[in-house]
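Pasted below: my_file09.pdb, PDB, C-alpha atoms.
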ATOM      1  CA  MET A   1       0.000   0.000   0.000  1.00  0.00           C
ATOM      2  CA  ALA A   2       2.781   2.446   0.907  1.00  0.00           C
ATOM      3  CA  GLU A   3       4.481   1.812  -2.425  1.00  0.00           C
ATOM      4  CA  SER A   4       1.367   2.652  -4.412  1.00  0.00           C
ATOM      5  CA  LEU A   5       0.977   5.859  -2.374  1.00  0.00           C
ATOM      6  CA  GLU A   6       4.596   6.775  -3.105  1.00  0.00           C
ATOM      7  CA  GLN A   7       4.054   6.086  -6.818  1.00  0.00           C
ATOM      8  CA  ARG A   8       0.938   8.249  -6.802  1.00  0.00           C
ATOM      9  CA  ASN A   9       2.781  11.060  -5.020  1.00  0.00           C
ATOM     10  CA  ALA A  10       5.640  10.838  -7.530  1.00  0.00           C
ATOM     11  CA  ARG A  11       3.148  11.009 -10.408  1.00  0.00           C
ATOM     12  CA  VAL A  12       1.375  14.013  -8.834  1.00  0.00           C
ATOM     13  CA  ASP A  13       4.719  15.765  -8.304  1.00  0.00           C
ATOM     14  CA  ALA A  14       5.676  15.129 -11.927  1.00  0.00           C
ATOM     15  CA  ASP A  15       2.320  16.509 -13.107  1.00  0.00           C
ATOM     16  CA  LYS A  16       2.801  19.638 -10.987  1.00  0.00           C
ATOM     17  CA  ALA A  17       6.315  20.132 -12.339  1.00  0.00           C
ATOM     18  CA  TRP A  18       5.058  19.756 -15.922  1.00  0.00           C
ATOM     19  CA  GLU A  19       2.232  22.255 -15.365  1.00  0.00           C
ATOM     20  CA  ILE A  20       4.619  25.022 -14.343  1.00  0.00           C
ATOM     21  CA  SER A  21       7.537  24.114 -16.643  1.00  0.00           C
ATOM     22  CA  TRP A  22       8.893  26.479 -19.263  1.00  0.00           C
ATOM     23  CA  THR A  23       9.078  23.527 -21.660  1.00  0.00           C
ATOM     24  CA  ARG A  24       5.291  23.180 -21.564  1.00  0.00           C
ATOM     25  CA  ARG A  25       4.766  26.934 -21.932  1.00  0.00           C
ATOM     26  CA  LEU A  26       7.106  27.195 -24.907  1.00  0.00           C
ATOM     27  CA  ILE A  27       5.566  24.177 -26.646  1.00  0.00           C
ATOM     28  CA  ILE A  28       2.099  25.715 -26.276  1.00  0.00           C
ATOM     29  CA  ALA A  29       3.386  29.091 -27.516  1.00  0.00           C
ATOM     30  CA  PHE A  30       5.081  27.536 -30.582  1.00  0.00           C
ATOM     31  CA  VAL A  31       2.043  25.426 -31.442  1.00  0.00           C
ATOM     32  CA  THR A  32      -0.188  28.483 -31.051  1.00  0.00           C
ATOM     33  CA  TYR A  33       2.143  30.492 -33.278  1.00  0.00           C
ATOM     34  CA  GLY A  34       2.152  27.769 -35.939  1.00  0.00           C
ATOM     35  CA  VAL A  35      -1.604  27.200 -35.978  1.00  0.00           C
ATOM     36  CA  ILE A  36      -2.424  30.915 -36.066  1.00  0.00           C
ATOM     37  CA  GLY A  37       0.274  31.506 -38.697  1.00  0.00           C
ATOM     38  CA  VAL A  38      -1.168  28.829 -40.972  1.00  0.00           C
ATOM     39  CA  TYR A  39      -4.698  30.137 -40.420  1.00  0.00           C
ATOM     40  CA  LEU A  40      -3.744  33.724 -41.212  1.00  0.00           C
ATOM     41  CA  ASN A  41      -1.839  32.570 -44.315  1.00  0.00           C
ATOM     42  CA  MET A  42      -4.937  30.718 -45.495  1.00  0.00           C
ATOM     43  CA  LEU A  43      -6.881  33.958 -45.076  1.00  0.00           C
ATOM     44  CA  GLU A  44      -4.121  35.713 -47.043  1.00  0.00           C
ATOM     45  CA  VAL A  45      -3.515  38.246 -44.270  1.00  0.00           C
ATOM     46  CA  ALA A  46      -0.531  40.513 -44.927  1.00  0.00           C
ATOM     47  CA  ASP A  47       2.402  39.760 -42.588  1.00  0.00           C
ATOM     48  CA  ALA A  48       0.579  36.700 -41.277  1.00  0.00           C
ATOM     49  CA  TRP A  49       3.572  35.246 -39.422  1.00  0.00           C
ATOM     50  CA  PHE A  50       4.263  38.549 -37.703  1.00  0.00           C
ATOM     51  CA  HIS A  51       0.634  38.831 -36.607  1.00  0.00           C
ATOM     52  CA  ALA A  52       0.729  35.238 -35.365  1.00  0.00           C
ATOM     53  CA  LEU A  53       3.237  36.349 -32.730  1.00  0.00           C
ATOM     54  CA  VAL A  54       0.539  38.292 -30.860  1.00  0.00           C
ATOM     55  CA  PRO A  55      -1.377  35.336 -29.315  1.00  0.00           C
ATOM     56  CA  ALA A  56       1.832  33.362 -28.669  1.00  0.00           C
ATOM     57  CA  VAL A  57       3.484  36.253 -26.822  1.00  0.00           C
ATOM     58  CA  ALA A  58       0.218  37.049 -25.022  1.00  0.00           C
ATOM     59  CA  TYR A  59       0.091  33.457 -23.761  1.00  0.00           C
ATOM     60  CA  ILE A  60       3.650  33.632 -22.398  1.00  0.00           C
ATOM     61  CA  LEU A  61       2.983  36.980 -20.731  1.00  0.00           C
ATOM     62  CA  SER A  62      -0.241  35.709 -19.189  1.00  0.00           C
ATOM     63  CA  THR A  63       1.552  32.735 -17.627  1.00  0.00           C
ATOM     64  CA  LEU A  64       4.100  35.001 -15.947  1.00  0.00           C
ATOM     65  CA  GLY A  65       1.451  36.456 -13.664  1.00  0.00           C
ATOM     66  CA  LEU A  66      -0.393  33.246 -12.861  1.00  0.00           C
ATOM     67  CA  ARG A  67       1.775  32.361  -9.863  1.00  0.00           C
ATOM     68  CA  TYR A  68       0.867  35.631  -8.142  1.00  0.00           C
ATOM     69  CA  ILE A  69      -2.784  35.413  -9.115  1.00  0.00           C
ATOM     70  CA  LYS A  70      -2.895  31.888  -7.662  1.00  0.00           C
ATOM     71  CA  LEU A  71      -1.417  33.070  -4.356  1.00  0.00           C
ATOM     72  CA  ILE A  72      -4.089  35.759  -4.085  1.00  0.00           C
ATOM     73  CA  TRP A  73      -6.844  33.300  -5.057  1.00  0.00           C
ATOM     74  CA  VAL A  74      -5.724  30.750  -2.460  1.00  0.00           C
ATOM     75  CA  LYS A  75      -5.583  33.397   0.246  1.00  0.00           C
ATOM     76  CA  ILE A  76      -9.042  34.835  -0.518  1.00  0.00           C
ATOM     77  CA  PHE A  77     -11.159  32.013  -1.954  1.00  0.00           C
ATOM     78  CA  TYR A  78      -9.676  28.572  -1.228  1.00  0.00           C
ATOM     79  CA  LYS A  79     -11.195  26.621   1.616  1.00  0.00           C
ATOM     80  CA  PRO A  80      -9.806  23.098   2.097  1.00  0.00           C
ATOM     81  CA  ARG A  81     -12.311  20.280   2.370  1.00  0.00           C
ATOM     82  CA  GLY A  82     -12.988  19.029   5.840  1.00  0.00           C
ATOM     83  CA  VAL A  83     -12.110  22.289   7.554  1.00  0.00           C
ATOM     84  CA  LEU A  84     -14.946  23.728   9.582  1.00  0.00           C
ATOM     85  CA  GLN A  85     -15.317  27.484   9.534  1.00  0.00           C
TER      86      GLN A  85
END

Written as structure tokens, how would this file's structure read?
Amino acid sequence: MAESLEQRNARVDADKAWEISWTRRLIIAFVTYGVIGVYLNMLEVADAWFHALVPAVAYILSTLGLRYIKLIWVKIFYKPRGVLQ
């Protein structure tokens, strides 16, 4: 039983690390850039690849503030289960 709990904890820790990793953020930004770039090219938008930078950069910038927003959210709104108020 203890081994399965340790495996679960290791998996949860790995998931947490992935969620906040720069690798994940950059992959999402590059995929966003590529998809939007292709879409804008299909629409024959002038400077499509330049304009495709906007959502990719916006995504990266939005993730920079999430850590602080989460801290505020936890402080104000989060109430753990099983805790009586």

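Minimum distance to A:Leu53 across A:Ala10, A:Leu71, A:Leu66, A:Gly34 (counting only C-alpha atoms) occurs at A:Gly34.
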
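Contact shell of A:Val54 at 10 Å (only C-alpha atoms; same-chain neighbours under 3 positions omitted): Thr32, Tyr33, Ile36, Trp49, Phe50, His51, Val57, Ala58 and Tyr59 of chain A.
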
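What separates atom CA of A:Thr63 from atom CA of A:Val12 is a distance of 20.7 Å.
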
- Could you please determine the separation between atom CA of A:Phe30 and atom CA of A:Met42 in Å, to one decimal place? 18.2 Å

- Note on the structure: Taken to one decimal, the atom CA of A:Arg25-atom CA of A:Ser62 distance is 10.5 Å

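Using only C-alpha atoms, the shortest contact distance between A:Pro55 and any of A:Ile69, A:Val35, A:Leu5, A:Leu43 is found at A:Val35.
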
If the box runs along x, y and z of the file and leaves 6 Å on each side of stretch 58-61 of chain A, what are its centre and edge lengths in Å, one decimal, as lines of an AutoDock Vina configuration file?
center_x = 1.9
center_y = 35.3
center_z = -22.9
size_x = 15.6
size_y = 15.6
size_z = 16.3

- Message: Under the rule that all atoms listed in the file are counted, which of A:Arg11, A:Lys70, A:Leu61, A:Ala56 is the nearest residue to A:Ile27?
- Response: A:Ala56

Could you write stretch 19-30 of chain A as an mmCIF file, keeping the file's coordinate frame, with all heavy atoms rebuilt where they are missing?
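Written file, selection_27.cif:
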data_model
loop_
_atom_site.group_PDB
_atom_site.id
_atom_site.type_symbol
_atom_site.label_atom_id
_atom_site.label_comp_id
_atom_site.auth_asym_id
_atom_site.auth_seq_id
_atom_site.Cartn_x
_atom_site.Cartn_y
_atom_site.Cartn_z
ATOM 1 N N GLU A 19 3.173 21.139 -15.245
ATOM 2 C CA GLU A 19 2.232 22.255 -15.365
ATOM 3 C C GLU A 19 2.909 23.605 -15.276
ATOM 4 O O GLU A 19 2.461 24.554 -15.903
ATOM 5 C CB GLU A 19 1.138 22.156 -14.293
ATOM 6 C CG GLU A 19 0.127 21.074 -14.553
ATOM 7 C CD GLU A 19 -0.690 21.295 -15.807
ATOM 8 O OE1 GLU A 19 -1.083 22.436 -16.085
ATOM 9 O OE2 GLU A 19 -0.920 20.314 -16.529
ATOM 10 N N ILE A 20 3.962 23.725 -14.502
ATOM 11 C CA ILE A 20 4.619 25.022 -14.343
ATOM 12 C C ILE A 20 5.927 25.128 -15.134
ATOM 13 O O ILE A 20 6.611 26.146 -15.054
ATOM 14 C CB ILE A 20 4.888 25.335 -12.854
ATOM 15 C CG1 ILE A 20 5.836 24.330 -12.238
ATOM 16 C CG2 ILE A 20 3.590 25.413 -12.079
ATOM 17 C CD1 ILE A 20 6.314 24.705 -10.844
ATOM 18 N N SER A 21 6.255 24.123 -15.937
ATOM 19 C CA SER A 21 7.537 24.114 -16.643
ATOM 20 C C SER A 21 7.544 25.072 -17.830
ATOM 21 O O SER A 21 6.534 25.302 -18.495
ATOM 22 C CB SER A 21 7.867 22.703 -17.134
ATOM 23 O OG SER A 21 7.051 22.360 -18.234
ATOM 24 N N TRP A 22 8.719 25.622 -18.085
ATOM 25 C CA TRP A 22 8.893 26.479 -19.263
ATOM 26 C C TRP A 22 8.816 25.656 -20.542
ATOM 27 O O TRP A 22 8.423 26.174 -21.591
ATOM 28 C CB TRP A 22 10.215 27.245 -19.177
ATOM 29 C CG TRP A 22 10.039 28.498 -18.396
ATOM 30 C CD1 TRP A 22 10.343 28.722 -17.086
ATOM 31 C CD2 TRP A 22 9.447 29.702 -18.879
ATOM 32 N NE1 TRP A 22 9.986 29.991 -16.731
ATOM 33 C CE2 TRP A 22 9.436 30.619 -17.816
ATOM 34 C CE3 TRP A 22 8.922 30.095 -20.104
ATOM 35 C CZ2 TRP A 22 8.926 31.907 -17.941
ATOM 36 C CZ3 TRP A 22 8.416 31.379 -20.226
ATOM 37 C CH2 TRP A 22 8.421 32.270 -19.151
ATOM 38 N N THR A 23 9.181 24.394 -20.486
ATOM 39 C CA THR A 23 9.078 23.527 -21.660
ATOM 40 C C THR A 23 7.635 23.469 -22.136
ATOM 41 O O THR A 23 7.355 23.658 -23.331
ATOM 42 C CB THR A 23 9.578 22.104 -21.327
ATOM 43 O OG1 THR A 23 10.914 22.188 -20.837
ATOM 44 C CG2 THR A 23 9.513 21.201 -22.535
ATOM 45 N N ARG A 24 6.715 23.241 -21.221
ATOM 46 C CA ARG A 24 5.291 23.180 -21.564
ATOM 47 C C ARG A 24 4.822 24.517 -22.134
ATOM 48 O O ARG A 24 4.136 24.567 -23.147
ATOM 49 C CB ARG A 24 4.475 22.809 -20.326
ATOM 50 C CG ARG A 24 2.989 22.776 -20.554
ATOM 51 C CD ARG A 24 2.265 22.437 -19.231
ATOM 52 N NE ARG A 24 0.852 22.612 -19.360
ATOM 53 C CZ ARG A 24 0.201 23.765 -19.194
ATOM 54 N NH1 ARG A 24 0.865 24.855 -18.879
ATOM 55 N NH2 ARG A 24 -1.089 23.837 -19.330
ATOM 56 N N ARG A 25 5.184 25.610 -21.475
ATOM 57 C CA ARG A 25 4.766 26.934 -21.932
ATOM 58 C C ARG A 25 5.269 27.229 -23.337
ATOM 59 O O ARG A 25 4.528 27.754 -24.177
ATOM 60 C CB ARG A 25 5.272 28.005 -20.973
ATOM 61 C CG ARG A 25 4.642 27.945 -19.614
ATOM 62 C CD ARG A 25 5.274 28.951 -18.693
ATOM 63 N NE ARG A 25 4.782 28.788 -17.336
ATOM 64 C CZ ARG A 25 5.212 29.486 -16.316
ATOM 65 N NH1 ARG A 25 6.146 30.393 -16.474
ATOM 66 N NH2 ARG A 25 4.716 29.281 -15.121
ATOM 67 N N LEU A 26 6.537 26.911 -23.587
ATOM 68 C CA LEU A 26 7.106 27.195 -24.907
ATOM 69 C C LEU A 26 6.488 26.315 -25.986
ATOM 70 O O LEU A 26 6.256 26.785 -27.108
ATOM 71 C CB LEU A 26 8.624 27.040 -24.866
ATOM 72 C CG LEU A 26 9.353 28.105 -24.059
ATOM 73 C CD1 LEU A 26 10.849 27.793 -23.979
ATOM 74 C CD2 LEU A 26 9.120 29.487 -24.624
ATOM 75 N N ILE A 27 6.218 25.054 -25.668
ATOM 76 C CA ILE A 27 5.566 24.177 -26.646
ATOM 77 C C ILE A 27 4.193 24.736 -27.010
ATOM 78 O O ILE A 27 3.831 24.815 -28.193
ATOM 79 C CB ILE A 27 5.454 22.726 -26.110
ATOM 80 C CG1 ILE A 27 6.835 22.076 -26.084
ATOM 81 C CG2 ILE A 27 4.476 21.902 -26.953
ATOM 82 C CD1 ILE A 27 6.873 20.744 -25.358
ATOM 83 N N ILE A 28 3.423 25.148 -26.012
ATOM 84 C CA ILE A 28 2.099 25.715 -26.276
ATOM 85 C C ILE A 28 2.221 26.989 -27.099
ATOM 86 O O ILE A 28 1.458 27.202 -28.054
ATOM 87 C CB ILE A 28 1.335 25.966 -24.957
ATOM 88 C CG1 ILE A 28 0.987 24.634 -24.299
ATOM 89 C CG2 ILE A 28 0.078 26.806 -25.202
ATOM 90 C CD1 ILE A 28 0.434 24.763 -22.896
ATOM 91 N N ALA A 29 3.196 27.846 -26.770
ATOM 92 C CA ALA A 29 3.386 29.091 -27.516
ATOM 93 C C ALA A 29 3.765 28.809 -28.970
ATOM 94 O O ALA A 29 3.221 29.441 -29.885
ATOM 95 C CB ALA A 29 4.449 29.952 -26.848
ATOM 96 N N PHE A 30 4.673 27.859 -29.208
ATOM 97 C CA PHE A 30 5.081 27.536 -30.582
ATOM 98 C C PHE A 30 3.939 26.913 -31.379
ATOM 99 O O PHE A 30 3.746 27.231 -32.554
ATOM 100 C CB PHE A 30 6.308 26.617 -30.600
ATOM 101 C CG PHE A 30 7.595 27.335 -30.331
ATOM 102 C CD1 PHE A 30 8.409 26.939 -29.284
ATOM 103 C CD2 PHE A 30 7.997 28.416 -31.103
ATOM 104 C CE1 PHE A 30 9.597 27.603 -29.021
ATOM 105 C CE2 PHE A 30 9.183 29.089 -30.856
ATOM 106 C CZ PHE A 30 9.992 28.679 -29.811
#
